[in-house]
>>> print(open('run-v7.pdb').read())   # PDB, C-alpha atoms
ATOM      1  CA  MET G   1     -46.070  25.007 -28.567  1.00  0.00           C
ATOM      2  CA  ALA G   2     -46.047  24.590 -32.351  1.00  0.00           C
ATOM      3  CA  GLU G   3     -47.080  20.959 -31.957  1.00  0.00           C
ATOM      4  CA  VAL G   4     -50.354  21.877 -30.224  1.00  0.00           C
ATOM      5  CA  GLY G   5     -51.498  24.029 -33.167  1.00  0.00           C
ATOM      6  CA  PHE G   6     -50.556  21.274 -35.594  1.00  0.00           C
ATOM      7  CA  VAL G   7     -52.569  18.677 -33.661  1.00  0.00           C
ATOM      8  CA  ARG G   8     -55.575  21.036 -33.403  1.00  0.00           C
ATOM      9  CA  ARG G   9     -55.611  21.410 -37.191  1.00  0.00           C
ATOM     10  CA  VAL G  10     -54.794  17.846 -38.193  1.00  0.00           C
ATOM     11  CA  ALA G  11     -57.024  15.914 -35.768  1.00  0.00           C
ATOM     12  CA  PRO G  12     -60.326  17.331 -37.108  1.00  0.00           C
ATOM     13  CA  ALA G  13     -59.149  16.875 -40.702  1.00  0.00           C
ATOM     14  CA  VAL G  14     -58.278  13.224 -40.081  1.00  0.00           C
ATOM     15  CA  GLY G  15     -61.590  12.674 -38.312  1.00  0.00           C
ATOM     16  CA  LEU G  16     -63.548  14.188 -41.214  1.00  0.00           C
ATOM     17  CA  ALA G  17     -61.595  12.118 -43.733  1.00  0.00           C
ATOM     18  CA  VAL G  18     -62.374   8.912 -41.836  1.00  0.00           C
ATOM     19  CA  ALA G  19     -66.057   9.852 -41.585  1.00  0.00           C
ATOM     20  CA  GLY G  20     -66.178  10.678 -45.307  1.00  0.00           C
ATOM     21  CA  GLY G  21     -64.538   7.369 -46.175  1.00  0.00           C
ATOM     22  CA  PHE G  22     -67.078   5.513 -44.067  1.00  0.00           C
ATOM     23  CA  LEU G  23     -69.962   7.294 -45.818  1.00  0.00           C
ATOM     24  CA  LEU G  24     -68.493   6.396 -49.226  1.00  0.00           C
ATOM     25  CA  TYR G  25     -68.215   2.792 -48.068  1.00  0.00           C
ATOM     26  CA  LEU G  26     -71.954   2.776 -47.347  1.00  0.00           C
ATOM     27  CA  LEU G  27     -72.895   3.972 -50.858  1.00  0.00           C
ATOM     28  CA  PRO G  28     -73.896   1.210 -53.303  1.00  0.00           C
ATOM     29  CA  SER G  29     -71.403   0.585 -56.074  1.00  0.00           C
ATOM     30  CA  GLY G  30     -72.237   0.066 -59.762  1.00  0.00           C
ATOM     31  CA  ALA G  31     -70.972  -3.537 -59.474  1.00  0.00           C
ATOM     32  CA  ASP G  32     -73.816  -4.515 -57.133  1.00  0.00           C
ATOM     33  CA  GLY G  33     -75.975  -5.468 -60.127  1.00  0.00           C
ATOM     34  CA  ASP G  34     -78.773  -3.193 -59.006  1.00  0.00           C
ATOM     35  CA  SER G  35     -80.560  -2.072 -62.163  1.00  0.00           C
ATOM     36  CA  SER G  36     -82.244   0.742 -60.262  1.00  0.00           C
ATOM     37  CA  SER G  37     -78.970   2.570 -59.580  1.00  0.00           C
ATOM     38  CA  SER G  38     -78.310   6.112 -60.705  1.00  0.00           C
ATOM     39  CA  GLU G  39     -76.312   4.735 -63.652  1.00  0.00           C
ATOM     40  CA  ASP G  40     -79.498   3.633 -65.406  1.00  0.00           C
ATOM     41  CA  ILE G  41     -79.716   4.471 -69.061  1.00  0.00           C
ATOM     42  CA  THR G  42     -83.032   6.085 -69.792  1.00  0.00           C
ATOM     43  CA  SER G  43     -84.593   6.923 -73.083  1.00  0.00           C
ATOM     44  CA  PRO G  44     -87.816   8.881 -73.415  1.00  0.00           C
ATOM     45  CA  GLN G  45     -88.739   6.957 -76.584  1.00  0.00           C
ATOM     46  CA  THR G  46     -88.715   3.527 -74.921  1.00  0.00           C
ATOM     47  CA  SER G  47     -91.871   1.636 -75.811  1.00  0.00           C
ATOM     48  CA  ALA G  48     -91.446  -0.882 -72.980  1.00  0.00           C
ATOM     49  CA  THR G  49     -91.006   1.606 -70.163  1.00  0.00           C
ATOM     50  CA  PRO G  50     -93.800   1.987 -67.673  1.00  0.00           C
ATOM     51  CA  SER G  51     -96.455   4.439 -68.692  1.00  0.00           C
ATOM     52  CA  ALA G  52     -99.348   5.803 -66.739  1.00  0.00           C
ATOM     53  CA  THR G  53    -102.741   4.235 -67.308  1.00  0.00           C
ATOM     54  CA  PRO G  54    -105.983   6.103 -66.647  1.00  0.00           C
ATOM     55  CA  SER G  55    -106.029   4.663 -63.128  1.00  0.00           C
ATOM     56  CA  GLY G  56    -102.547   6.068 -62.495  1.00  0.00           C
ATOM     57  CA  THR G  57    -100.831   2.685 -62.093  1.00  0.00           C
ATOM     58  CA  PRO G  58     -97.738   1.950 -64.188  1.00  0.00           C
ATOM     59  CA  SER G  59     -98.048  -0.387 -67.127  1.00  0.00           C
ATOM     60  CA  THR G  60     -95.086  -2.202 -68.684  1.00  0.00           C
ATOM     61  CA  ALA G  61     -96.954  -3.420 -71.765  1.00  0.00           C
ATOM     62  CA  PRO G  62     -95.617  -2.251 -75.127  1.00  0.00           C
ATOM     63  CA  THR G  63     -97.674   0.424 -76.822  1.00  0.00           C
ATOM     64  CA  SER G  64     -98.280  -1.747 -79.877  1.00  0.00           C
ATOM     65  CA  THR G  65     -98.626  -5.512 -80.083  1.00  0.00           C
ATOM     66  CA  PRO G  66     -96.881  -6.932 -83.126  1.00  0.00           C
ATOM     67  CA  SER G  67     -98.220 -10.083 -84.706  1.00  0.00           C
ATOM     68  CA  ALA G  68     -96.802 -13.393 -83.533  1.00  0.00           C
ATOM     69  CA  SER G  69     -95.381 -14.149 -86.985  1.00  0.00           C
ATOM     70  CA  ALA G  70     -91.797 -14.881 -87.997  1.00  0.00           C
ATOM     71  CA  PRO G  71     -88.929 -13.223 -86.145  1.00  0.00           C
ATOM     72  CA  ARG G  72     -88.089  -9.712 -87.324  1.00  0.00           C
ATOM     73  CA  VAL G  73     -84.550  -8.343 -87.558  1.00  0.00           C
ATOM     74  CA  ILE G  74     -84.312  -4.571 -87.153  1.00  0.00           C
ATOM     75  CA  GLN G  75     -81.094  -2.632 -87.587  1.00  0.00           C
ATOM     76  CA  GLY G  76     -80.426   0.094 -85.031  1.00  0.00           C
ATOM     77  CA  ASP G  77     -78.864   3.450 -85.753  1.00  0.00           C
ATOM     78  CA  ALA G  78     -75.091   3.823 -85.764  1.00  0.00           C
ATOM     79  CA  VAL G  79     -74.327   5.760 -82.580  1.00  0.00           C
ATOM     80  CA  ARG G  80     -71.136   7.838 -82.628  1.00  0.00           C
ATOM     81  CA  PHE G  81     -69.526   8.512 -79.269  1.00  0.00           C
ATOM     82  CA  ARG G  82     -66.192   9.514 -77.798  1.00  0.00           C
ATOM     83  CA  PHE G  83     -64.363   6.273 -78.701  1.00  0.00           C
ATOM     84  CA  GLY G  84     -65.953   5.317 -82.024  1.00  0.00           C
ATOM     85  CA  THR G  85     -69.247   4.036 -83.386  1.00  0.00           C
ATOM     86  CA  VAL G  86     -71.567   1.282 -82.177  1.00  0.00           C
ATOM     87  CA  GLN G  87     -74.367  -0.261 -84.197  1.00  0.00           C
ATOM     88  CA  ALA G  88     -76.566  -3.208 -83.264  1.00  0.00           C
ATOM     89  CA  LYS G  89     -79.346  -5.212 -84.859  1.00  0.00           C
ATOM     90  CA  VAL G  90     -82.163  -6.697 -82.824  1.00  0.00           C
ATOM     91  CA  THR G  91     -84.141  -9.876 -83.503  1.00  0.00           C
ATOM     92  CA  LEU G  92     -87.699  -9.695 -82.190  1.00  0.00           C
ATOM     93  CA  ASN G  93     -90.144 -12.569 -81.705  1.00  0.00           C
ATOM     94  CA  GLY G  94     -93.386 -10.681 -81.303  1.00  0.00           C
ATOM     95  CA  ALA G  95     -92.656  -8.142 -78.567  1.00  0.00           C
ATOM     96  CA  THR G  96     -89.791 -10.187 -77.096  1.00  0.00           C
ATOM     97  CA  ILE G  97     -86.160  -9.336 -77.741  1.00  0.00           C
ATOM     98  CA  ALA G  98     -84.796 -12.701 -78.910  1.00  0.00           C
ATOM     99  CA  ASP G  99     -81.241 -11.721 -79.831  1.00  0.00           C
ATOM    100  CA  ILE G 100     -78.945  -8.754 -80.309  1.00  0.00           C
ATOM    101  CA  ALA G 101     -76.050  -8.769 -82.760  1.00  0.00           C
ATOM    102  CA  THR G 102     -73.307  -6.173 -82.969  1.00  0.00           C
ATOM    103  CA  ILE G 103     -72.718  -4.747 -86.446  1.00  0.00           C
ATOM    104  CA  THR G 104     -69.952  -2.280 -85.586  1.00  0.00           C
ATOM    105  CA  ALA G 105     -68.035  -1.528 -82.394  1.00  0.00           C
ATOM    106  CA  PRO G 106     -64.821   0.294 -81.528  1.00  0.00           C
ATOM    107  CA  GLY G 107     -61.630  -1.716 -81.866  1.00  0.00           C
ATOM    108  CA  GLY G 108     -57.948  -0.989 -81.713  1.00  0.00           C
ATOM    109  CA  SER G 109     -56.886   0.619 -78.470  1.00  0.00           C
ATOM    110  CA  TYR G 110     -60.538   0.640 -77.316  1.00  0.00           C
ATOM    111  CA  GLN G 111     -61.059  -3.101 -77.847  1.00  0.00           C
ATOM    112  CA  ALA G 112     -60.809  -3.825 -74.119  1.00  0.00           C
ATOM    113  CA  TYR G 113     -63.775  -1.526 -73.412  1.00  0.00           C
ATOM    114  CA  THR G 114     -65.774  -3.080 -76.241  1.00  0.00           C
ATOM    115  CA  ASP G 115     -65.003  -6.583 -74.984  1.00  0.00           C
ATOM    116  CA  ARG G 116     -66.090  -5.581 -71.483  1.00  0.00           C
ATOM    117  CA  ALA G 117     -69.273  -3.707 -72.378  1.00  0.00           C
ATOM    118  CA  ILE G 118     -70.955  -5.424 -75.327  1.00  0.00           C
ATOM    119  CA  PRO G 119     -71.439  -8.989 -73.952  1.00  0.00           C
ATOM    120  CA  ARG G 120     -72.561  -7.738 -70.536  1.00  0.00           C
ATOM    121  CA  MET G 121     -74.947  -5.158 -71.985  1.00  0.00           C
ATOM    122  CA  LYS G 122     -76.396  -7.759 -74.354  1.00  0.00           C
ATOM    123  CA  ALA G 123     -77.039 -10.119 -71.431  1.00  0.00           C
ATOM    124  CA  LYS G 124     -78.566  -7.351 -69.293  1.00  0.00           C
ATOM    125  CA  ILE G 125     -80.853  -6.108 -72.076  1.00  0.00           C
ATOM    126  CA  LEU G 126     -82.012  -9.626 -72.967  1.00  0.00           C
ATOM    127  CA  ALA G 127     -82.708 -10.427 -69.302  1.00  0.00           C
ATOM    128  CA  ALA G 128     -84.568  -7.155 -68.671  1.00  0.00           C
ATOM    129  CA  GLN G 129     -86.228  -7.031 -72.119  1.00  0.00           C
ATOM    130  CA  SER G 130     -85.469  -3.323 -71.970  1.00  0.00           C
ATOM    131  CA  THR G 131     -82.580  -0.939 -72.585  1.00  0.00           C
ATOM    132  CA  ARG G 132     -83.136   0.570 -69.170  1.00  0.00           C
ATOM    133  CA  VAL G 133     -80.265  -1.252 -67.499  1.00  0.00           C
ATOM    134  CA  ALA G 134     -77.166  -0.133 -65.608  1.00  0.00           C
ATOM    135  CA  ALA G 135     -74.113   0.640 -67.710  1.00  0.00           C
ATOM    136  CA  VAL G 136     -71.075  -1.608 -67.397  1.00  0.00           C
ATOM    137  CA  SER G 137     -68.650  -0.046 -64.929  1.00  0.00           C
ATOM    138  CA  GLY G 138     -65.441   0.985 -66.629  1.00  0.00           C
ATOM    139  CA  ALA G 139     -67.046   1.043 -70.078  1.00  0.00           C
ATOM    140  CA  THR G 140     -69.851   3.541 -69.535  1.00  0.00           C
ATOM    141  CA  TYR G 141     -69.623   5.378 -72.863  1.00  0.00           C
ATOM    142  CA  THR G 142     -69.609   2.146 -74.870  1.00  0.00           C
ATOM    143  CA  SER G 143     -72.479   0.762 -72.772  1.00  0.00           C
ATOM    144  CA  GLU G 144     -74.625   3.858 -73.269  1.00  0.00           C
ATOM    145  CA  ALA G 145     -73.951   3.982 -77.024  1.00  0.00           C
ATOM    146  CA  TYR G 146     -74.820   0.277 -77.356  1.00  0.00           C
ATOM    147  CA  ALA G 147     -78.081   0.756 -75.453  1.00  0.00           C
ATOM    148  CA  GLN G 148     -78.959   3.762 -77.660  1.00  0.00           C
ATOM    149  CA  SER G 149     -78.416   1.712 -80.826  1.00  0.00           C
ATOM    150  CA  VAL G 150     -80.550  -1.145 -79.493  1.00  0.00           C
ATOM    151  CA  GLN G 151     -83.243   1.330 -78.417  1.00  0.00           C
ATOM    152  CA  SER G 152     -83.304   2.906 -81.884  1.00  0.00           C
ATOM    153  CA  ALA G 153     -83.965  -0.551 -83.351  1.00  0.00           C
ATOM    154  CA  LEU G 154     -86.783  -1.106 -80.851  1.00  0.00           C
ATOM    155  CA  ASP G 155     -88.228   2.297 -81.729  1.00  0.00           C
ATOM    156  CA  LYS G 156     -88.311   1.282 -85.406  1.00  0.00           C
ATOM    157  CA  ALA G 157     -90.222  -1.927 -84.616  1.00  0.00           C
TER
END
>>> encode(input="run-v7.pdb", output="structure tokens")
Amino acid sequence: MAEVGFVRRVAPAVGLAVAGGFLLYLLPSGADGDSSSSEDITSPQTSATPSATPSGTPSTAPTSTPSASAPRVIQGDAVRFRFGTVQAKVTLNGATIADIATITAPGGSYQAYTDRAIPRMKAKILAAQSTRVAAVSGATYTSEAYAQSVQSALDKA
């Protein structure tokens, strides 16, 4: 008789666990490379983010058009976060992000996170020409701090 009560309690729990696992399987992961995921880093000061035009359609053009003169190097703010400080400098050719160099980044026991986040974030930002990219999975804090430093340099441009 005790076995019947056990089965009545366990069977629904196992069924719900399997259903929940299936639903989690269907969710997109951060490794899919989808830059429109919920892990996007957004900054209200971004000059290259879409803005509404009088007609209501989004525009991705920068708010100011710099002259097409020599490349400019702008140093971003040092961003302190849980594992240290990140600071980047950005090289701009006109309105195009030509290169990003890292001035400071966490080392020591956090070096693995730095090595994972910085090169991938640099590649993503250069490809997107924006800091609105998905953070590197497993190095989210470093990724977000790096993007904030790059964005601060873009804001100074």
>>> resolve_selection(input="run-v7.pdb", expression="the PyMOL selection byres ((chain G and resi 124) around 12)", output="compact mmCIF listing (two decimals) with C-alpha atoms, in the frame of the given file")
# COMPACT_ATOMS: atom_id res chain seq x y z
CA GLY G 33 -75.97 -5.47 -60.13
CA ASP G 34 -78.77 -3.19 -59.01
CA SER G 35 -80.56 -2.07 -62.16
CA ASP G 40 -79.50 3.63 -65.41
CA ILE G 41 -79.72 4.47 -69.06
CA ILE G 97 -86.16 -9.34 -77.74
CA ASP G 99 -81.24 -11.72 -79.83
CA ILE G 100 -78.94 -8.75 -80.31
CA ALA G 117 -69.27 -3.71 -72.38
CA ILE G 118 -70.96 -5.42 -75.33
CA PRO G 119 -71.44 -8.99 -73.95
CA ARG G 120 -72.56 -7.74 -70.54
CA MET G 121 -74.95 -5.16 -71.98
CA LYS G 122 -76.40 -7.76 -74.35
CA ALA G 123 -77.04 -10.12 -71.43
CA ILE G 125 -80.85 -6.11 -72.08
CA LEU G 126 -82.01 -9.63 -72.97
CA ALA G 127 -82.71 -10.43 -69.30
CA ALA G 128 -84.57 -7.16 -68.67
CA GLN G 129 -86.23 -7.03 -72.12
CA SER G 130 -85.47 -3.32 -71.97
CA THR G 131 -82.58 -0.94 -72.58
CA ARG G 132 -83.14 0.57 -69.17
CA VAL G 133 -80.26 -1.25 -67.50
CA ALA G 134 -77.17 -0.13 -65.61
CA ALA G 135 -74.11 0.64 -67.71
CA VAL G 136 -71.08 -1.61 -67.40
CA SER G 143 -72.48 0.76 -72.77
CA TYR G 146 -74.82 0.28 -77.36
CA ALA G 147 -78.08 0.76 -75.45
>>> residues_around(input="run-v7.pdb", residues="stretch 68-73 of chain G", least_positions_apart="3", cutoff="8 Å", atoms="all atoms listed in the file", output="ChimeraX atom specification")
/G:89-94
>>> residues_around(input="run-v7.pdb", residues="G:Gly84", least_positions_apart="3", cutoff="12 Å", atoms="only C-alpha atoms", output="PyMOL selection string")
chain G and resi 78-81+87+104-111+113-114+141-142+145-146
>>> atom_distance(input="run-v7.pdb", atom1="atom CA of G:Thr96", atom2="atom CA of G:Ser137")
26.4 Å
>>> atom_distance(input="run-v7.pdb", atom1="atom CA of G:Gly21", atom2="atom CA of G:Gly5")
24.8 Å
